[in-house]
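Asker: Take a look at structure33.csv, CSV, C-alpha atoms:
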```csv
chain,number,residue,atom,x,y,z
K,21,MET,CA,59.6,67.7,1.1
K,22,THR,CA,61.6,64.5,0.7
K,23,GLY,CA,64.8,66.3,1.7
K,24,ILE,CA,63.2,67.7,4.8
K,25,ARG,CA,61.9,64.3,5.9
K,26,SER,CA,65.4,62.8,5.2
K,27,LYS,CA,67.0,65.4,7.4
K,28,ILE,CA,64.4,64.8,10.2
K,29,ALA,CA,65.1,61.1,10.1
K,30,GLN,CA,68.8,61.6,10.1
K,31,GLY,CA,68.4,63.9,13.1
K,32,ALA,CA,66.3,61.3,15.0
K,33,VAL,CA,68.8,58.6,14.3
K,34,ALA,CA,71.6,60.8,15.5
K,35,GLY,CA,69.7,61.7,18.6
K,36,LEU,CA,68.9,58.0,19.3
K,37,SER,CA,72.5,57.1,18.7
K,38,ALA,CA,73.7,59.7,21.2
K,39,ALA,CA,71.2,58.5,23.8
K,40,VAL,CA,72.3,54.9,23.3
K,41,LEU,CA,76.0,55.9,23.5
K,42,ALA,CA,75.3,58.0,26.6
K,43,GLY,CA,73.4,55.1,28.2
K,44,THR,CA,76.3,52.8,27.3
K,45,ALA,CA,78.8,55.1,28.8
K,46,THR,CA,76.7,55.4,32.0
K,47,PHE,CA,76.4,51.6,32.2
K,48,ALA,CA,80.2,51.2,31.7
K,49,GLN,CA,80.9,53.6,34.5
K,50,ALA,CA,78.5,52.1,37.0
K,51,PRO,CA,80.0,49.7,39.5
K,52,ARG,CA,79.4,46.0,38.8
K,53,SER,CA,78.3,43.7,41.5
K,54,VAL,CA,78.6,40.0,40.6
K,55,THR,CA,77.4,37.1,42.8
K,56,ILE,CA,78.8,33.7,42.0
K,57,LEU,CA,76.6,30.9,43.2
K,58,PRO,CA,78.6,28.0,44.5
K,59,ASP,CA,78.0,24.6,43.0
K,60,VAL,CA,76.5,23.0,46.1
K,61,PRO,CA,75.6,19.3,45.7
K,62,GLU,CA,72.1,18.4,46.5
K,63,THR,CA,71.4,16.8,49.8
K,64,PRO,CA,70.5,13.1,49.3
K,65,ASN,CA,66.8,12.4,49.4
K,66,ALA,CA,66.3,11.0,52.9
K,67,THR,CA,62.8,9.8,52.1
K,68,THR,CA,64.1,7.0,49.8
K,69,ALA,CA,66.3,4.2,50.8
K,70,PRO,CA,69.6,4.2,48.9
K,71,ASP,CA,70.6,1.3,46.7
K,72,ILE,CA,73.4,0.0,48.8
K,73,SER,CA,74.6,-3.6,48.8
K,74,PRO,CA,75.5,-5.6,52.0
K,75,THR,CA,79.1,-5.8,50.7
K,76,ARG,CA,79.3,-2.0,50.4
K,77,LEU,CA,77.7,-1.5,53.8
K,78,ALA,CA,80.2,-3.9,55.4
K,79,LEU,CA,83.1,-2.1,53.6
K,80,LEU,CA,81.7,1.2,54.9
K,81,ASN,CA,81.6,-0.1,58.5
K,82,SER,CA,85.1,-1.5,58.3
K,83,THR,CA,86.8,1.6,56.9
K,84,GLU,CA,85.1,4.5,58.6
K,85,LYS,CA,86.7,4.6,62.1
K,86,VAL,CA,87.7,7.1,64.7
K,87,GLU,CA,89.7,6.9,68.0
K,88,ASN,CA,88.8,3.9,70.1
K,89,SER,CA,91.4,3.2,72.7
K,90,ALA,CA,89.0,1.1,74.8
K,91,GLY,CA,88.1,-1.1,71.9
K,92,VAL,CA,84.3,-0.6,72.3
K,93,SER,CA,82.1,-2.1,69.6
K,94,VAL,CA,78.5,-1.9,68.8
K,95,ASP,CA,76.6,-4.3,66.5
K,96,LEU,CA,72.9,-4.3,65.4
K,97,VAL,CA,70.7,-7.4,65.9
K,98,PRO,CA,69.5,-9.1,63.8
K,99,SER,CA,70.8,-7.2,60.7
K,100,LEU,CA,72.2,-4.0,59.3
K,101,GLU,CA,69.2,-3.7,57.0
K,102,VAL,CA,65.9,-3.1,58.7
K,103,SER,CA,62.4,-2.0,57.8
K,104,ALA,CA,60.9,1.2,59.1
K,105,GLY,CA,58.8,0.3,62.2
K,106,SER,CA,60.8,-2.8,63.1
K,107,LYS,CA,62.6,-3.3,66.4
K,108,ILE,CA,66.4,-3.2,66.6
K,109,GLY,CA,68.6,-4.9,69.2
K,110,PHE,CA,72.2,-4.0,70.1
K,111,ARG,CA,75.2,-5.9,71.3
K,112,ILE,CA,78.0,-3.9,72.9
K,113,ALA,CA,81.4,-5.1,74.0
K,114,THR,CA,84.5,-3.4,75.4
K,115,LYS,CA,88.1,-4.1,76.3
K,116,LYS,CA,88.2,-1.5,79.1
K,117,THR,CA,85.7,-0.6,81.8
K,118,GLY,CA,83.6,2.5,81.0
K,119,TYR,CA,80.3,4.3,80.9
K,120,LEU,CA,78.2,3.6,77.8
K,121,ILE,CA,76.1,6.1,75.8
K,122,LEU,CA,74.2,4.9,72.7
K,123,LEU,CA,73.2,7.4,70.1
K,124,ASP,CA,71.3,7.2,66.8
K,125,VAL,CA,71.7,9.5,63.8
K,126,ASP,CA,68.8,9.1,61.4
K,127,ALA,CA,69.0,9.6,57.6
K,128,SER,CA,68.3,13.3,58.0
K,129,GLY,CA,71.1,13.8,60.6
K,130,LYS,CA,68.8,14.1,63.7
K,131,LEU,CA,70.8,12.8,66.7
K,132,THR,CA,69.1,11.1,69.6
K,133,GLN,CA,70.5,9.5,72.8
K,134,PHE,CA,68.5,6.3,73.4
K,135,PHE,CA,70.6,4.6,76.1
K,136,PRO,CA,70.6,5.2,79.0
K,137,ASN,CA,67.1,6.7,78.9
K,138,PRO,CA,67.9,10.4,79.2
K,139,THR,CA,64.7,11.1,81.2
K,140,ALA,CA,65.5,8.4,83.8
K,141,ALA,CA,69.2,9.3,83.8
K,142,THR,CA,68.5,12.8,85.0
K,143,HIS,CA,66.5,11.7,88.0
K,144,GLY,CA,69.5,11.0,90.3
K,145,LEU,CA,70.3,7.4,89.4
K,146,ARG,CA,73.5,6.5,91.2
K,147,ASP,CA,74.0,2.8,90.5
K,148,ALA,CA,75.6,3.6,87.1
K,149,PRO,CA,73.2,1.5,84.9
K,150,ASN,CA,75.4,2.1,81.9
K,151,LEU,CA,78.7,0.8,83.4
K,152,ILE,CA,80.1,-2.0,81.3
K,153,LYS,CA,83.2,-4.1,81.8
K,154,PRO,CA,85.5,-6.3,79.6
K,155,GLY,CA,84.4,-9.9,79.1
K,156,ARG,CA,80.8,-9.0,79.8
K,157,PRO,CA,79.1,-8.0,76.5
K,158,LEU,CA,75.9,-6.1,76.9
K,159,THR,CA,72.8,-7.1,74.9
K,160,ILE,CA,69.9,-4.7,74.6
K,161,PRO,CA,67.1,-5.7,75.1
K,162,GLN,CA,67.8,-8.9,77.1
K,163,LEU,CA,65.2,-10.8,79.1
K,164,GLY,CA,66.0,-11.2,82.8
K,165,THR,CA,68.1,-8.0,82.9
K,166,PRO,CA,67.3,-4.4,83.7
K,167,TYR,CA,67.3,-3.9,80.0
K,168,GLY,CA,64.6,-6.4,79.3
K,169,GLY,CA,61.9,-3.8,78.7
K,170,TYR,CA,64.1,-1.6,76.5
K,171,GLU,CA,62.9,-1.1,73.0
K,172,PHE,CA,64.3,0.8,70.0
K,173,VAL,CA,62.2,1.1,66.8
K,174,ALA,CA,63.7,2.0,63.4
K,175,GLY,CA,61.8,5.1,62.2
K,176,LEU,CA,61.6,7.2,59.1
K,177,PRO,CA,63.0,8.7,57.0
K,178,ALA,CA,64.4,5.8,55.1
K,179,GLY,CA,68.0,5.8,54.1
K,180,ILE,CA,71.4,5.3,55.7
K,181,ALA,CA,71.4,5.8,59.5
K,182,LEU,CA,74.2,5.5,62.1
K,183,ALA,CA,74.3,3.9,65.6
K,184,VAL,CA,77.1,5.2,67.8
K,185,ALA,CA,78.6,3.8,71.0
K,186,LEU,CA,80.3,6.4,73.2
K,187,LEU,CA,82.4,5.0,76.0
K,188,SER,CA,83.6,7.4,78.7
K,189,ASP,CA,86.3,6.7,81.3
K,190,LYS,CA,84.4,9.0,83.7
K,191,PRO,CA,80.8,8.6,85.0
K,192,VAL,CA,78.3,10.2,82.6
K,193,GLN,CA,74.8,9.2,81.7
K,194,VAL,CA,73.6,12.0,79.5
K,195,VAL,CA,75.2,13.9,76.6
K,196,ASP,CA,73.8,16.9,74.8
K,197,LEU,CA,75.1,16.9,71.3
K,198,PRO,CA,73.7,18.8,68.2
K,199,ASP,CA,72.4,17.1,65.1
K,200,ALA,CA,75.0,15.7,62.7
K,201,PRO,CA,75.5,15.7,58.9
K,202,PRO,CA,73.3,13.1,57.2
K,203,PRO,CA,75.2,9.8,57.2
K,204,ALA,CA,74.6,9.2,53.4
K,205,PHE,CA,76.1,12.5,52.5
K,206,ALA,CA,79.6,11.9,53.9
K,207,PRO,CA,79.6,8.9,56.3
K,208,GLY,CA,83.2,9.4,57.6
K,209,GLU,CA,82.5,13.1,58.3
K,210,THR,CA,79.4,12.2,60.3
K,211,LEU,CA,81.4,10.0,62.7
K,212,LYS,CA,84.2,12.5,63.0
K,213,TYR,CA,81.7,15.3,63.7
K,214,ILE,CA,80.3,13.3,66.6
K,215,ARG,CA,83.8,12.6,67.9
K,216,ASP,CA,84.7,16.3,67.8
K,217,GLN,CA,81.5,17.3,69.5
K,218,ALA,CA,82.0,14.7,72.3
K,219,ARG,CA,85.5,16.1,72.9
K,220,THR,CA,83.9,19.4,73.9
K,221,LEU,CA,81.9,17.8,76.8
K,222,LYS,CA,82.9,18.0,80.4
K,223,VAL,CA,81.5,16.2,83.5
K,224,PRO,CA,81.8,16.9,87.2
K,225,ASN,CA,84.5,14.9,89.0
K,226,ALA,CA,83.7,12.3,91.6
K,227,ASP,CA,83.3,14.9,94.3
K,228,GLY,CA,80.9,16.9,92.2
K,229,GLY,CA,83.3,19.8,92.0
K,230,ARG,CA,85.4,20.9,89.1
K,231,LEU,CA,84.6,19.8,85.6
K,232,GLU,CA,86.7,17.2,83.8
K,233,GLN,CA,87.0,16.1,80.2
K,234,PRO,CA,86.3,12.4,79.7
K,235,ASN,CA,88.4,10.3,77.4
K,236,TRP,CA,86.0,8.9,74.8
K,237,SER,CA,86.2,5.7,72.8
K,238,ILE,CA,83.8,5.6,69.9
K,239,ASP,CA,82.4,3.0,67.5
K,240,GLY,CA,79.7,3.5,64.9
K,241,LYS,CA,77.7,1.2,62.7
K,242,PHE,CA,76.0,2.4,59.6
K,243,TYR,CA,72.7,0.7,58.8
K,244,VAL,CA,70.0,1.0,56.2
K,245,ILE,CA,66.3,1.7,56.9
K,246,LYS,CA,64.0,0.6,54.1
```
Will you turn the file into structure tokens for me?

Answerer:
Amino acid sequence: MTGIRSKIAQGAVAGLSAAVLAGTATFAQAPRSVTILPDVPETPNATTAPDISPTRLALLNSTEKVENSAGVSVDLVPSLEVSAGSKIGFRIATKKTGYLILLDVDASGKLTQFFPNPTAATHGLRDAPNLIKPGRPLTIPQLGTPYGGYEFVAGLPAGIALAVALLSDKPVQVVDLPDAPPPAFAPGETLKYIRDQARTLKVPNADGGRLEQPNWSIDGKFYVIK
């Protein structure tokens, strides 16, 4: 009886081994599909203000530059560090005459034109309210001027944001640009992205006929919303 049981056990083991080997052979012959997940860095948390010193912010603004043949400049008033919900002013100057567009890129990358007012600008204004000239810096808002009632409020999310001055050598009051990479992720790339998108824009010539491509001068200021 013991011999019979031993033979049965040996047969079961042999059968199991054959099944395992057969399964292994089948697995080895099956095509393999491997997906390698890229090591993508996490997007910075746009809900928390970054720990950035005034010195580092100043260095960022002095090194991250793009083409600016007209020498346009934009500065924030009163400071590059603001609290969410507070009002921000802007001072813009240029070395050449041009048509000014002001954009804001918030910490999440959302891009908004806030000067001239896009709604008003599309209602047939012909007096070029955004024309600026050398030697006549523009401050927004400024009492006693058409921009006295202008208001820009810093909003959430907290983090690094970007104010951009676009100066065109041809009349233009509205630009339609897509959202940009979040400024905290790669500040220089955000500014270059806006430059590249602006280069794709065309505007009607003075006679309203064929489309022309403006020459853009660009300046950006990174600031922190807390």

Asker: The centre and edge lengths of an axis-aligned box containing all atoms of stretch 115-126 of chain K present in the file, extended by 3 Å on each side, are to be given in Å to one decimal, as JSON.

Answerer:
```
{"center_x": 78.5, "center_y": 2.7, "center_z": 71.6, "size_x": 25.4, "size_y": 19.6, "size_z": 26.4}
```

Asker: Restricting the calculation to all atoms listed in the file, which member of K:Pro136, K:Pro201, K:Gly208, K:Gly129 is positioned closest to K:Leu176?

Answerer: K:Gly129

Asker: K:Ala183: which residues within 12 Å, counting all atoms listed in the file, same-chain residues fewer than 6 positions away excluded, as an MDAnalysis selection string?

Answerer: chainID K and resid 81 93:97 100 108:112 121:127 129:135 172 174 203 207 210:211 214 238:244

Asker: When you count only C-alpha atoms, which of these residues is closest to K:Tyr213: K:Leu158, K:Gly168, K:Lys85, K:Gly91?

Answerer: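 When distances to K:Tyr213 are compared using only C-alpha atoms, the smallest one comes from K:Lys85.
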
Asker: Which one of K:Leu231, K:Leu182, K:Leu79, K:Val173 sits closest to K:Ser106 if you count only C-alpha atoms?

Answerer: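 Looking only at the distances to K:Ser106, the closest residue turns out to be K:Val173.
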
Asker: Counting only C-alpha atoms, figure out which residue out of K:Leu151, K:Asp227, K:Glu232, K:Ala218 gets nearest to K:Glu87.

Answerer: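 The shortest atom-to-atom distance to K:Glu87 comes from K:Ala218.
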
Asker: Go ahead and compute the interatomic distance for atom CA of K:Val102 and atom CA of K:Pro74, in Å to one decimal.

Answerer: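 Going from atom CA of K:Val102 over to atom CA of K:Pro74 covers 12.0 Å.
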
Asker: For K:Ala181, which of K:Arg76, K:Arg215, K:Lys246, K:Lys115 is the closest residue, counting only C-alpha atoms?

Answerer: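 Closest candidate: K:Lys246.
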
Asker: Do you have the atom CA of K:Val195-atom CA of K:Asn225 distance handy?

Answerer: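 For atom CA of K:Val195 relative to atom CA of K:Asn225, the distance reads 15.5 Å.
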
Asker: Find the residues with any atom within 6 Å of (61.2, 1.2, 57.8); use all atoms listed in the file and the coordinates as given in the file, and write the answer as a list in words.

Answerer: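 Residues satisfying the cut-off, written out: Ser103, Ala104, Gly105, Gly175, Ile245 and Lys246 of chain K.
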
Asker: Could you tell me how far atom CA of K:Leu186 sits from atom CA of K:Ala204, in Å to one decimal place?

Answerer: 20.8 Å

Asker: Which residue gives the smallest distance to K:Ser73 among K:Tyr170, K:Ile180, K:Ala206, K:Asn150, with all atoms listed in the file counted?

Answerer: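 For K:Ser73, the nearest of the given residues is K:Ile180.
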
Asker: Counting all atoms listed in the file, what is within 10 Å of K:Gln233, bar same-chain residues fewer than 6 positions away, as a CSV table (one decimal) with C-alpha atoms, in the frame of the given file?

Answerer:
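Generated output (part.csv):
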```
chain,number,residue,atom,x,y,z
K,188,SER,CA,83.6,7.4,78.7
K,189,ASP,CA,86.3,6.7,81.3
K,190,LYS,CA,84.4,9.0,83.7
K,218,ALA,CA,82.0,14.7,72.3
K,219,ARG,CA,85.5,16.1,72.9
K,220,THR,CA,83.9,19.4,73.9
K,221,LEU,CA,81.9,17.8,76.8
K,222,LYS,CA,82.9,18.0,80.4
K,223,VAL,CA,81.5,16.2,83.5
K,224,PRO,CA,81.8,16.9,87.2
K,225,ASN,CA,84.5,14.9,89.0
```
